[in-house]
Structures are given as C-alpha cells and as structure tokens.
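Data block for run_35.txt (compact mmCIF, C-alpha atoms):
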```
# COMPACT_ATOMS: atom_id res chain seq x y z
CA MET K 13 96.32 124.30 127.58
CA LYS K 14 96.25 123.45 123.90
CA VAL K 15 93.68 120.72 123.37
CA LEU K 16 92.84 118.61 120.31
CA VAL K 17 89.54 116.73 120.30
CA ALA K 18 89.81 114.10 117.59
CA CYS K 19 86.90 112.43 115.79
CA GLU K 20 84.37 114.98 117.02
CA SER K 21 81.98 116.85 114.74
CA SER K 22 79.53 118.03 117.42
CA GLY K 23 82.06 120.40 119.01
CA ARG K 24 80.73 119.63 122.48
CA VAL K 25 84.00 118.69 124.20
CA ARG K 26 85.97 121.35 122.37
CA HIS K 27 83.39 124.01 123.29
CA GLU K 28 83.56 123.17 127.01
CA PHE K 29 87.35 123.52 127.02
CA GLN K 30 87.09 126.83 125.19
CA LYS K 31 84.53 128.05 127.74
CA ALA K 32 87.04 127.12 130.45
CA GLY K 33 89.67 129.36 128.82
CA HIS K 34 91.71 126.82 126.87
CA THR K 35 92.77 126.85 123.23
CA ALA K 36 90.95 123.90 121.75
CA TRP K 37 90.38 122.48 118.28
CA SER K 38 88.17 119.66 117.04
CA CYS K 39 88.86 117.41 114.06
CA ASP K 40 86.66 115.05 112.08
CA LEU K 41 86.07 113.83 108.54
CA LYS K 42 82.65 115.47 108.80
CA PRO K 43 82.06 119.23 109.05
CA ASN K 44 81.38 120.88 112.37
CA GLU K 45 77.66 120.54 113.15
CA MET K 46 77.51 124.21 114.14
CA GLY K 47 78.61 125.33 110.68
CA HIS K 48 81.89 126.75 109.35
CA ASP K 49 84.36 127.07 112.18
CA LEU K 50 88.01 128.13 112.23
CA TRP K 51 88.55 125.87 115.26
CA HIS K 52 87.51 122.71 113.42
CA TYR K 53 89.76 120.70 111.11
CA GLN K 54 87.71 118.77 108.57
CA CYS K 55 90.20 116.06 107.67
CA ASP K 56 91.78 112.83 108.88
CA VAL K 57 93.25 113.65 112.31
CA ARG K 58 96.50 112.02 111.20
CA GLU K 59 97.01 115.02 108.92
CA VAL K 60 96.85 117.31 111.96
CA LEU K 61 99.04 115.17 114.19
CA SER K 62 101.74 114.40 111.61
CA GLY K 63 104.68 116.55 112.61
CA HIS K 64 102.55 118.75 114.88
CA ALA K 65 101.51 116.49 117.76
CA ARG K 66 103.96 118.02 120.20
CA LYS K 67 102.20 121.38 120.10
CA PHE K 68 99.23 119.90 121.98
CA ASP K 69 99.05 119.38 125.76
CA LEU K 70 95.99 117.13 125.70
CA LEU K 71 94.43 114.79 123.13
CA ILE K 72 90.87 113.56 123.61
CA ALA K 73 89.90 111.09 120.89
CA HIS K 74 86.62 109.41 119.99
CA PRO K 75 87.58 106.85 117.30
CA ASP K 76 84.86 104.95 115.48
CA CYS K 77 83.80 101.99 117.63
CA THR K 78 81.86 100.08 114.96
CA TYR K 79 84.36 97.21 114.75
CA LEU K 80 85.57 97.30 118.36
CA THR K 81 82.40 97.44 120.41
CA ASN K 82 80.97 94.39 122.11
CA SER K 83 77.50 95.02 120.69
CA GLY K 84 78.77 94.55 117.13
CA VAL K 85 80.94 91.46 117.58
CA ARG K 86 78.50 89.25 115.67
CA TRP K 87 79.23 91.15 112.45
CA LEU K 88 82.82 89.88 112.52
CA HIS K 89 81.51 86.43 111.73
CA GLU K 90 78.59 87.40 109.50
CA LYS K 91 80.00 89.97 107.10
CA GLU K 92 82.99 89.60 104.80
CA GLY K 93 85.94 91.94 105.39
CA ARG K 94 85.04 92.82 108.96
CA TRP K 95 88.16 91.22 110.47
CA ALA K 96 90.30 93.50 108.31
CA LYS K 97 88.20 96.45 109.50
CA LEU K 98 88.77 95.38 113.10
CA GLU K 99 92.53 95.29 112.56
CA GLU K 100 92.42 98.71 110.93
CA ALA K 101 90.41 100.15 113.82
CA ALA K 102 92.83 98.68 116.37
CA ARG K 103 95.82 100.15 114.51
CA PHE K 104 94.18 103.60 114.51
CA TYR K 105 93.47 103.31 118.24
CA ALA K 106 97.11 102.35 118.85
CA TYR K 107 98.28 105.25 116.67
CA LEU K 108 96.35 107.74 118.79
CA TRP K 109 97.63 106.23 122.02
CA SER K 110 101.25 106.45 120.83
CA GLN K 111 101.22 110.18 120.11
CA PRO K 112 103.92 112.30 121.83
CA ILE K 113 101.31 114.29 123.74
CA PRO K 114 101.61 114.49 127.56
CA ARG K 115 97.98 113.66 128.32
CA ILE K 116 95.71 111.40 126.28
CA CYS K 117 92.15 110.15 126.63
CA ILE K 118 90.68 107.66 124.17
CA GLU K 119 86.96 106.91 124.35
CA ASN K 120 85.24 103.68 123.44
CA PRO K 121 82.31 101.65 124.78
CA VAL K 122 82.65 98.12 126.11
CA MET K 123 84.84 96.20 123.63
CA HIS K 124 84.63 92.59 122.54
CA ARG K 125 87.39 90.13 123.47
CA HIS K 126 89.04 90.19 120.02
CA ALA K 127 89.52 93.96 120.23
CA ASN K 128 90.78 93.73 123.80
CA THR K 129 93.31 91.08 122.76
CA MET K 130 94.64 93.24 119.92
CA LEU K 131 94.84 96.39 122.03
CA SER K 132 96.48 94.62 124.96
CA LEU K 133 99.59 94.38 122.81
CA ILE K 134 100.13 98.14 123.09
CA GLY K 135 99.85 98.11 126.87
CA LEU K 136 96.60 100.00 127.30
CA PRO K 137 95.66 100.51 130.95
CA LYS K 138 92.35 99.49 132.41
CA ARG K 139 89.68 101.94 131.35
CA GLN K 140 87.36 103.98 133.50
CA PHE K 141 83.71 103.35 132.67
CA VAL K 142 81.19 106.10 133.31
CA GLN K 143 77.49 106.79 132.78
CA PRO K 144 76.06 110.16 131.67
CA TRP K 145 73.66 110.17 134.64
CA TRP K 146 76.70 110.48 136.93
CA PHE K 147 77.13 113.97 135.46
CA GLY K 148 73.55 115.21 135.36
CA ASP K 149 72.43 113.87 131.97
CA PRO K 150 69.32 111.61 132.26
CA MET K 151 70.46 108.86 129.91
CA PHE K 152 72.18 105.47 129.80
CA LYS K 153 75.38 105.08 127.78
CA CYS K 154 78.20 103.09 129.38
CA THR K 155 81.41 104.57 128.02
CA GLY K 156 85.05 103.69 128.66
CA TYR K 157 88.03 106.02 128.74
CA ALA K 158 91.65 104.92 128.50
CA LEU K 159 93.66 107.59 130.33
CA LYS K 160 97.31 108.56 130.07
CA ASN K 161 98.54 110.98 132.75
CA LEU K 162 94.96 112.01 133.53
CA PRO K 163 92.90 111.35 136.68
CA GLN K 164 89.67 109.44 136.44
CA LEU K 165 86.60 111.62 136.10
CA VAL K 166 84.78 112.27 139.36
CA PRO K 167 80.95 112.26 139.19
CA THR K 168 79.56 115.77 139.50
CA ASN K 169 75.78 115.33 139.74
CA LYS K 170 74.58 111.76 140.18
CA LEU K 171 70.96 111.28 139.31
CA THR K 172 68.73 108.42 140.46
CA PRO K 173 68.07 106.03 137.56
CA PRO K 174 64.39 105.18 136.96
CA LYS K 175 63.08 101.66 137.46
CA ALA K 176 63.37 99.26 134.54
CA GLY K 177 60.20 98.91 132.51
CA THR K 178 58.92 102.42 133.23
CA ASP K 179 58.36 105.06 130.58
CA GLU K 180 61.08 107.16 132.19
CA HIS K 181 63.55 104.27 131.93
CA LYS K 182 62.70 103.95 128.24
CA ALA K 183 63.31 107.67 127.82
CA TRP K 184 66.72 107.36 129.50
CA SER K 185 67.51 104.51 127.09
CA TRP K 186 67.00 106.60 123.96
CA VAL K 187 70.59 105.96 122.75
CA HIS K 188 69.94 102.22 122.56
CA ARG K 189 66.45 102.73 121.17
CA CYS K 190 67.50 105.21 118.51
CA PRO K 191 65.78 104.17 115.24
CA PRO K 192 67.78 103.21 112.13
CA GLY K 193 68.68 106.00 109.77
CA PRO K 194 71.59 107.84 108.12
CA ASP K 195 72.23 109.99 111.22
CA ARG K 196 71.90 107.25 113.84
CA ALA K 197 75.64 106.75 114.40
CA THR K 198 76.28 110.49 114.62
CA ILE K 199 73.48 111.04 117.12
CA ARG K 200 74.56 108.12 119.31
CA SER K 201 78.23 109.16 119.28
CA ARG K 202 77.80 112.69 120.66
CA THR K 203 79.45 113.15 124.05
CA PRO K 204 76.87 114.06 126.71
CA VAL K 205 77.24 117.68 127.80
CA GLY K 206 77.73 116.81 131.47
CA ILE K 207 80.70 114.55 130.70
CA ALA K 208 82.21 117.14 128.32
CA ARG K 209 81.91 119.78 131.02
CA ALA K 210 83.50 117.50 133.64
CA MET K 211 86.45 116.86 131.29
CA ALA K 212 87.06 120.58 130.91
CA GLN K 213 86.65 121.34 134.59
CA GLN K 214 88.67 118.42 135.94
CA TRP K 215 91.32 117.91 133.27
CA GLY K 216 91.67 121.61 132.57
CA GLY K 217 91.79 122.54 136.23
CA ALA K 218 94.36 124.68 137.98
CA GLN K 219 96.63 121.78 139.00
CA LEU K 220 97.01 120.38 135.48
CA GLN K 221 97.36 123.88 134.03
CA SER K 222 100.25 124.61 136.38
CA GLU K 223 101.98 121.42 135.28
CA VAL K 224 101.72 122.49 131.64
CA ALA K 225 102.84 126.09 132.25
```
Let me see whether you can do it: turn the structure in this file into structure tokens.
Amino acid sequence: MKVLVACESSGRVRHEFQKAGHTAWSCDLKPNEMGHDLWHYQCDVREVLSGHARKFDLLIAHPDCTYLTNSGVRWLHEKEGRWAKLEEAARFYAYLWSQPIPRICIENPVMHRHANTMLSLIGLPKRQFVQPWWFGDPMFKCTGYALKNLPQLVPTNKLTPPKAGTDEHKAWSWVHRCPPGPDRATIRSRTPVGIARAMAQQWGGAQLQSEVA
C-alpha cells in the first residue's frame, strides 16, 4: 500500500509501515526527527494532498489538538482569538476527512463539546479510544481514532496498570506530568511504538492489501 502519515515528525508510524513492506511517507511542518529523509515531506500536508491525494491508499493523520482537546477548553474563554483557532482546527480536521483516499484514520484525544458540535456537521463516526498499555507500552494516554473503511485496532499485549498513587503509576503518567518547555508538545504527541506497530500489522495486513491490489 501507499501510505501517507500526516502531521508526524517522529517517523514512528511511517517507519512501522515501511518495516511491514509498504511504501510510506510522513509529512509535517517540522523536519523529521531522525534527520534528512527522502520519505519525509517538510511542508503543509495540503501541499502534498492537493491534486495527488488519489495516489495514496491510506491516510493516517495526527492534526494539532491544542484547540480541540477537552483538557484545553478553558483557554477558549480565557484567551483572545482562541475561538477562531478552534474553527480553523475543525476545518483542517474536516479537510483531512474529506480526502478522496479509500482508508482514513484521524487521531485526536478526547475533545470538548464545542469541537464535537463543529465536527458532527461533517458526519464523523464514533471514534475508537485506546490506551498505549493495550499494546505493550507502559503509559497512560487516552487517544481517539476516527476510522473510515478501517477496522478498530485490536489490543496486542495488554499490560496490567499499576495502582493509583504508586511510583509506578506516576511513571506511567509521564505524558500528563511532562514539564513545561519548548519540546513538551512534540514529546507528548509522539505515537507510542506499540500502537504504531499495531496500525501497520492490522491495517497493512494481507486482507487489506488484497483489497488494494
């Protein structure tokens, strides 16, 4: 399959699909974290999709969730211009969902009600919510995936979460406890390796490949 992973600078999802034998590219405004890479477009993904979307079999997108996520809803009321940013983010989400690509996955965490209301207008389906520890990564990060013509991810290696209040539980919560800094958003946004691998194995499996062929 030909796969485009949008809004990804880590290369994690793209790399897992390449390991599974697929032709995969990543795209982000930021450079690839692994250095110069011919399989990474450093630009607005709309430049890649404009006129070329139909060449891809699968789009996996990780749009910025700053103005959509439930944890940031208070900023809509406290900072000027945030409602316009919310509308812009919703339009970008809708743009990705409307692409003429057979299979689409768009990632976002739990959204606030204003974002859900805006996005309901484009007919988004209910999202699947997963945790990294379902796929062997000892961490907490509830993440939603809107899926078009893709099956829900099946857990591959469910771990046992530690008890709340323990040091181990704090360690698993490192995403939420990540200290402020210029790289905080980038660090928190990286797709856990176990989930990236499950995407490649399950969405790039023999059945879906035969449908594309």
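Proximity ranking of K:Asp69, K:Asp76, K:Asp179, K:Glu20 relative to Cys55 in chain K places K:Glu20 first, based on all atoms listed in the file.
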What is the distance between CA of His52 in chain K and CA of Leu16 in chain K, in Å to one decimal?
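Value for the CA of His52 in chain K-CA of Leu16 in chain K distance: 9.6 Å.
When only C-alpha atoms are used to compute distances to Val187 in chain K, the closest of the residues K:Leu159, K:Lys153, K:Pro43, K:Pro173 turns out to be K:Lys153.
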Ref. answer, residues at most 9 Å from (73.0, 103.1, 130.7) with all atoms listed in the file, as a PyMOL selection string
chain K and resi 143-145+151-155+173+184-185+187-188
Two-atom distance - CA of Ile72 in chain K, CA of Val15 in chain K (Å):
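We find that CA of Ile72 in chain K and CA of Val15 in chain K lie 7.7 Å from each other.
Using all atoms listed in the file, the smallest distance between any of K:Pro150, K:Thr203, K:Val25, K:Asn44 and Lys182 in chain K comes from K:Pro150.
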Ranking K:Ile207, K:Ile116, K:Gly148, K:Trp37 by minimum distance to Leu171 in chain K and counting only C-alpha atoms, which one comes first?
K:Gly148
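Between Leu136 in chain K and the candidates K:Ala65, K:Ala96, K:Ala36, K:Cys117, the tightest atom-to-atom separation, counting all atoms listed in the file, involves K:Cys117.
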Radius query 7 Å about (89.1, 104.4, 118.3), atoms used: all atoms listed in the file, as a PyMOL selection string:
chain K and resi 74-77+101+104-105+118-120
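Our summary of the geometry notes that CA of Gly33 in chain K is positioned 28.3 Å from CA of Tyr107 in chain K.
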From the options K:Pro114, K:Gly217, K:Pro192, K:Trp146, which residue's atoms come nearest to Val205 in chain K, counting only C-alpha atoms?
K:Trp146
I'd like the box whose edges run along x, y and z of the file and which contains every listed atom of range 159-162 of chain K, padded by 3 Å per side; could you state its centre and edge lengths in Å, one decimal, as JSON?
```
{"center_x": 96.1, "center_y": 109.8, "center_z": 131.8, "size_x": 10.9, "size_y": 10.4, "size_z": 9.5}
```
Within 9 Å of Asp40 in chain K, counting only C-alpha atoms, which residues qualify if same-chain residues fewer than 5 places away don't, as a list in words?
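Result of the neighbour search: Val17, Ala18, Cys19, Glu20, Ser21, His52, Tyr53, Gln54, Cys55, Asp56 and Val57 of chain K.
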